[in-house]
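Reproduced below: data-v4.cif, with mmCIF, C-alpha atoms.
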```cif
data_target
#
loop_
_atom_site.label_atom_id
_atom_site.label_comp_id
_atom_site.auth_asym_id
_atom_site.auth_seq_id
_atom_site.Cartn_x
_atom_site.Cartn_y
_atom_site.Cartn_z
CA ASN I 29 62.99 109.66 94.86
CA ALA I 30 63.17 105.93 94.26
CA GLY I 31 66.81 106.01 93.10
CA VAL I 32 67.78 102.66 91.60
CA THR I 33 65.13 99.96 91.87
CA GLN I 34 65.96 96.29 91.38
CA THR I 35 63.50 93.45 91.14
CA PRO I 36 63.21 90.78 92.30
CA LYS I 37 65.08 90.89 95.61
CA PHE I 38 65.40 87.12 95.79
CA GLN I 39 65.18 84.43 93.13
CA VAL I 40 65.81 80.70 92.93
CA LEU I 41 66.34 79.19 89.49
CA LYS I 42 66.91 75.71 88.22
CA THR I 43 69.93 75.02 86.05
CA GLY I 44 69.14 75.87 82.45
CA GLN I 45 66.30 78.28 83.16
CA SER I 46 66.41 81.81 81.89
CA MET I 47 65.29 84.96 83.60
CA THR I 48 65.61 88.75 83.55
CA LEU I 49 66.74 90.88 86.44
CA GLN I 50 65.10 94.28 86.24
CA CYS I 51 66.76 97.59 86.99
CA ALA I 52 65.24 101.04 86.76
CA GLN I 53 66.50 104.47 87.82
CA ASP I 54 64.66 107.77 88.01
CA MET I 55 67.64 110.12 88.30
CA ASN I 56 68.19 110.58 84.56
CA HIS I 57 71.64 109.02 84.88
CA GLU I 58 73.28 108.22 81.59
CA TYR I 59 75.57 105.52 82.94
CA MET I 60 74.26 102.20 84.20
CA SER I 61 76.06 99.00 85.14
CA TRP I 62 75.54 95.50 86.45
CA TYR I 63 77.86 93.95 88.99
CA ARG I 64 77.96 90.60 90.70
CA GLN I 65 79.23 90.17 94.23
CA ASP I 66 80.75 86.87 95.30
CA PRO I 67 82.24 86.12 98.72
CA GLY I 68 85.83 87.28 99.03
CA MET I 69 85.89 88.83 95.55
CA GLY I 70 84.30 92.23 95.87
CA LEU I 71 82.13 93.42 92.99
CA ARG I 72 82.88 92.53 89.41
CA LEU I 73 81.51 94.33 86.38
CA ILE I 74 79.28 92.26 84.10
CA HIS I 75 77.97 94.76 81.53
CA TYR I 76 77.60 98.49 81.35
CA SER I 77 75.89 101.16 79.31
CA VAL I 78 76.83 104.77 78.63
CA GLY I 79 73.42 105.68 77.26
CA ALA I 80 70.29 104.37 75.59
CA GLY I 81 71.18 102.00 72.78
CA ILE I 82 74.82 101.62 73.87
CA THR I 83 76.11 98.69 75.89
CA ASP I 84 79.45 97.00 76.38
CA GLN I 85 80.99 94.08 78.19
CA GLY I 86 82.68 94.27 81.54
CA GLU I 87 84.97 91.84 83.29
CA VAL I 88 82.64 88.82 83.54
CA PRO I 89 80.05 89.02 80.72
CA ASN I 90 79.70 85.36 79.76
CA GLY I 91 76.22 83.97 80.26
CA TYR I 92 74.57 87.39 80.46
CA ASN I 93 72.91 89.73 77.99
CA VAL I 94 71.82 93.33 78.37
CA SER I 95 69.98 95.95 76.39
CA ARG I 96 69.26 99.62 77.01
CA SER I 97 66.21 100.80 75.10
CA THR I 98 65.51 103.71 77.46
CA THR I 99 67.57 105.88 79.79
CA GLU I 100 65.65 104.55 82.78
CA ASP I 101 65.85 100.78 82.31
CA PHE I 102 68.75 98.36 82.08
CA PRO I 103 67.64 94.72 82.37
CA LEU I 104 70.09 91.85 82.78
CA ARG I 105 69.20 88.55 81.16
CA LEU I 106 70.54 85.18 82.20
CA LEU I 107 70.34 83.00 79.13
CA SER I 108 70.72 79.55 80.68
CA ALA I 109 71.32 79.69 84.40
CA ALA I 110 74.25 77.78 85.90
CA PRO I 111 75.18 77.19 89.56
CA SER I 112 78.26 79.39 88.97
CA GLN I 113 75.88 82.32 88.53
CA THR I 114 74.71 82.05 92.11
CA SER I 115 75.56 85.48 93.43
CA VAL I 116 74.25 88.83 94.56
CA TYR I 117 73.64 91.16 91.64
CA PHE I 118 73.81 94.91 91.89
CA CYS I 119 72.62 97.45 89.39
CA ALA I 120 74.16 100.90 89.61
CA SER I 121 73.88 104.22 87.84
CA SER I 122 75.82 107.45 87.74
CA TYR I 123 76.07 110.80 86.06
CA SER I 124 78.28 111.20 83.05
CA VAL I 125 79.06 114.87 83.51
CA ARG I 126 82.52 115.36 84.98
CA GLY I 127 81.39 117.90 87.53
CA GLN I 128 78.86 115.50 88.97
CA ILE I 129 80.85 112.32 89.11
CA ASN I 130 82.35 112.67 92.53
CA TYR I 131 79.74 110.51 94.16
CA GLY I 132 80.32 107.57 91.89
CA TYR I 133 77.51 105.13 91.66
CA THR I 134 74.09 104.98 93.17
CA PHE I 135 73.44 101.32 93.82
CA GLY I 136 70.25 99.35 93.86
CA SER I 137 69.51 97.14 96.85
CA GLY I 138 70.63 93.98 95.08
CA THR I 139 69.13 90.72 93.86
CA ARG I 140 70.16 87.53 95.60
CA LEU I 141 70.09 84.76 92.99
CA THR I 142 70.50 81.07 93.71
CA VAL I 143 70.81 78.54 90.90
CA VAL I 144 70.24 74.94 91.91
CA ALA X 19 94.93 96.78 84.11
CA GLN X 20 93.59 98.27 87.29
CA LYS X 21 93.73 96.34 90.51
CA ILE X 22 92.59 97.12 94.03
CA THR X 23 94.02 95.32 97.04
CA GLN X 24 92.53 95.27 100.49
CA THR X 25 94.76 93.11 102.68
CA GLN X 26 92.62 93.09 105.82
CA PRO X 27 89.76 90.59 105.50
CA GLY X 28 88.52 91.48 108.97
CA MET X 29 89.26 93.99 111.70
CA PHE X 30 88.09 94.78 115.21
CA VAL X 31 88.03 98.20 116.82
CA GLN X 32 86.84 99.42 120.17
CA GLU X 33 83.94 101.83 120.15
CA LYS X 34 85.06 105.50 120.10
CA GLU X 35 88.53 104.63 118.81
CA ALA X 36 89.86 105.44 115.36
CA VAL X 37 90.52 102.74 112.76
CA THR X 38 92.36 102.65 109.44
CA LEU X 39 91.29 100.38 106.61
CA ASP X 40 94.01 99.78 104.06
CA CYS X 41 93.67 100.03 100.29
CA THR X 42 96.36 99.95 97.64
CA TYR X 43 95.80 100.23 93.94
CA ASP X 44 97.64 99.60 90.75
CA THR X 45 97.11 101.65 87.63
CA SER X 46 99.09 103.19 84.82
CA ASP X 47 96.51 105.93 84.31
CA GLN X 48 97.22 109.47 85.42
CA SER X 49 93.66 110.55 86.07
CA TYR X 50 91.47 108.40 88.25
CA GLY X 51 89.12 108.49 91.19
CA LEU X 52 89.19 106.51 94.42
CA PHE X 53 86.07 105.66 96.38
CA TRP X 54 85.08 103.95 99.57
CA TYR X 55 81.73 102.23 100.03
CA LYS X 56 80.11 100.76 103.12
CA GLN X 57 77.97 97.64 102.94
CA PRO X 58 76.03 96.91 106.15
CA SER X 59 74.52 93.51 106.82
CA SER X 60 71.35 94.64 105.06
CA GLY X 61 73.32 94.52 101.81
CA GLU X 62 73.02 97.99 100.28
CA MET X 63 76.10 99.82 99.04
CA ILE X 64 76.56 103.25 100.61
CA PHE X 65 78.96 105.84 99.21
CA LEU X 66 81.32 107.25 101.86
CA ILE X 67 84.09 109.32 100.33
CA TYR X 68 85.82 110.24 97.08
CA GLN X 69 89.40 111.28 96.24
CA GLY X 70 90.52 112.46 92.83
CA SER X 71 94.03 111.61 91.70
CA TYR X 72 94.84 115.28 91.19
CA ASP X 73 93.40 116.43 94.50
CA GLU X 74 96.23 117.75 96.63
CA GLN X 75 94.37 117.55 99.92
CA ASN X 76 93.03 114.42 101.53
CA ALA X 77 89.27 114.10 101.30
CA THR X 78 87.16 114.28 104.45
CA GLU X 79 83.47 113.60 105.02
CA GLY X 80 82.43 113.90 108.64
CA ARG X 81 84.11 111.08 110.58
CA TYR X 82 85.60 109.64 107.39
CA SER X 83 88.88 110.75 105.90
CA LEU X 84 90.94 109.31 103.10
CA ASN X 85 94.69 109.13 103.59
CA PHE X 86 95.85 109.47 99.99
CA GLN X 87 99.50 108.73 99.23
CA LYS X 88 99.80 108.90 95.47
CA ALA X 89 103.43 107.84 95.20
CA ARG X 90 102.72 104.75 97.25
CA LYS X 91 99.40 104.19 95.45
CA SER X 92 97.51 103.88 98.68
CA ALA X 93 94.10 105.25 99.67
CA ASN X 94 93.42 104.25 103.23
CA LEU X 95 90.11 105.02 104.90
CA VAL X 96 90.28 106.45 108.42
CA ILE X 97 87.17 106.31 110.58
CA SER X 98 87.41 108.45 113.68
CA ALA X 99 85.44 107.83 116.88
CA SER X 100 84.05 104.47 115.76
CA GLN X 101 80.40 103.74 116.45
CA LEU X 102 78.57 100.43 116.71
CA GLY X 103 76.75 101.32 113.49
CA ASP X 104 80.09 101.37 111.66
CA SER X 105 80.19 97.56 111.79
CA ALA X 106 79.99 96.57 108.12
CA MET X 107 81.94 95.55 105.05
CA TYR X 108 84.01 98.32 103.50
CA PHE X 109 85.03 98.34 99.86
CA CYS X 110 87.68 100.42 98.19
CA ALA X 111 87.12 101.13 94.51
CA MET X 112 88.86 102.92 91.68
CA ARG X 113 87.53 104.45 88.49
CA ASP X 114 89.58 105.43 85.48
CA ASP X 115 88.51 108.94 84.53
CA ALA X 116 88.69 107.98 80.86
CA ASN X 117 85.80 105.60 81.48
CA PHE X 118 83.46 106.77 84.18
CA ASN X 119 81.41 103.66 83.93
CA LYS X 120 84.03 101.16 85.02
CA PHE X 121 84.75 100.69 88.68
CA TYR X 122 87.24 98.21 90.06
CA PHE X 123 86.53 96.98 93.57
CA GLY X 124 88.69 95.43 96.23
CA SER X 125 87.63 92.30 98.06
CA GLY X 126 86.52 94.25 101.12
CA THR X 127 87.30 94.52 104.82
CA LYS X 128 84.82 93.39 107.47
CA LEU X 129 84.92 95.86 110.36
CA ASN X 130 83.52 94.91 113.74
CA VAL X 131 83.12 97.64 116.35
CA LYS X 132 83.15 96.33 119.91
CA PRO X 133 81.22 98.08 122.71
#
```

Could you write out this file's structure as structure tokens?
Amino acid sequence: NAGVTQTPKFQVLKTGQSMTLQCAQDMNHEYMSWYRQDPGMGLRLIHYSVGAGITDQGEVPNGYNVSRSTTEDFPLRLLSAAPSQTSVYFCASSYSVRGQINYGYTFGSGTRLTVV
Amino acid sequence: AQKITQTQPGMFVQEKEAVTLDCTYDTSDQSYGLFWYKQPSSGEMIFLIYQGSYDEQNATEGRYSLNFQKARKSANLVISASQLGDSAMYFCAMRDDANFNKFYFGSGTKLNVKP
């Protein structure tokens, strides 16, 4: 089982560039989310999805877009990169069935993004 | 609004001793879940333990136990018999059961286990 796969693992962008962080899961999880992790601030929710075709904003959505065309994939797009978006990005997925939620998220290995 | 507070930025513990990592939370919801995750230096997030708000007994998973005090809104992680491999960042998180997809994380505690 691959679990949650994120690509790339590292990326350097110039200010103003756009890019897409990829996330794929093979566990048939309905729920998927993107978080960013900044020093001293834990993880903050950017966008989330409760199923294919359904997305919503989290705590820090500005500057990011998402779409969910399939159950497996949940890409995160940076529209015009800014230095403030330098962070580690985690994709995560989980079951939606109450009896299977006790393990919370399965996380990807993260993408370390630097915007210069 | 939910909020998670971890007041210990860093802690040291001697190998083979027990250690408690503090976590308090703030919520007006009645049904919620509390989680602890471990993040080693390699960066991945590893699930450790879960406690439901209606669970009457404290959760345990091997050397990990969660000291749940609902009235005080605290969910401390206890690691017994610390090992060198326990050195990592530890995050407390809460999820509102009305929205399984939203987790709220604390700022983390960096645990260092000394030989």

Please write the residues picked by the PyMOL selection byres ((chain I and resi 66) around 12) on this file as a list of chain:residue names. I:Tyr63, I:Arg64, I:Gln65, I:Pro67, I:Gly68, I:Met69, I:Gly70, I:Leu71, I:Arg72, I:Leu73, I:Ser112, I:Gln113, I:Thr114, I:Ser115, I:Val116, I:Tyr117, I:Phe118, I:Arg140, I:Leu141, I:Thr142, X:Phe123, X:Gly124, X:Ser125, X:Gly126

Per-residue nearest contacts of chain X to chain I (9 Å; all atoms listed in the file) as CSV:
```
residue,atom,partner,partner_atom,distance
X:Pro27,CA,I:Gly68,CA,8.3
X:Gly51,CA,I:Asn130,CA,8.1
X:Phe53,CA,I:Gly132,CA,7.5
X:Ser60,CA,I:Ser137,CA,8.8
X:Gly61,CA,I:Ser137,CA,6.8
X:Glu62,CA,I:Ser137,CA,5.0
X:Met63,CA,I:Phe135,CA,6.0
X:Ile64,CA,I:Phe135,CA,7.7
X:Phe65,CA,I:Tyr131,CA,6.9
X:Leu66,CA,I:Tyr131,CA,8.5
X:Ile67,CA,I:Tyr131,CA,7.6
X:Tyr68,CA,I:Asn130,CA,6.2
X:Gln69,CA,I:Asn130,CA,8.1
X:Gly70,CA,I:Asn130,CA,8.2
X:Phe109,CA,I:Gly70,CA,7.3
X:Arg113,CA,I:Gly132,CA,8.6
X:Asp115,CA,I:Arg126,CA,8.8
X:Phe118,CA,I:Ser124,CA,6.9
X:Asn119,CA,I:Tyr59,CA,6.2
X:Lys120,CA,I:Leu73,CA,7.4
X:Phe121,CA,I:Leu73,CA,7.5
X:Tyr122,CA,I:Arg72,CA,7.2
X:Phe123,CA,I:Leu71,CA,5.7
X:Gly124,CA,I:Gly70,CA,5.4
X:Ser125,CA,I:Gly70,CA,4.0
X:Gly126,CA,I:Gly70,CA,6.0
```

At a cut-off of 7 Å, using all atoms listed in the file, what residues contact Thr48 of chain I? Leave out same-chain residues fewer than 4 positions from it and give the result as a PyMOL selection string. chain I and resi 103-106

Could you give me, as a PyMOL selection string, the residues within 7 Å of Gln32 of chain X, counting all atoms listed in the file and dropping anything in the same chain fewer than 5 positions from it? chain X and resi 131-133

Quick one: apply the PyMOL selection byres ((chain X and resi 84) around 7) to the file and drop the selected residues here as a ChimeraX atom specification. /X:76-78,82-83,85-86,93-96
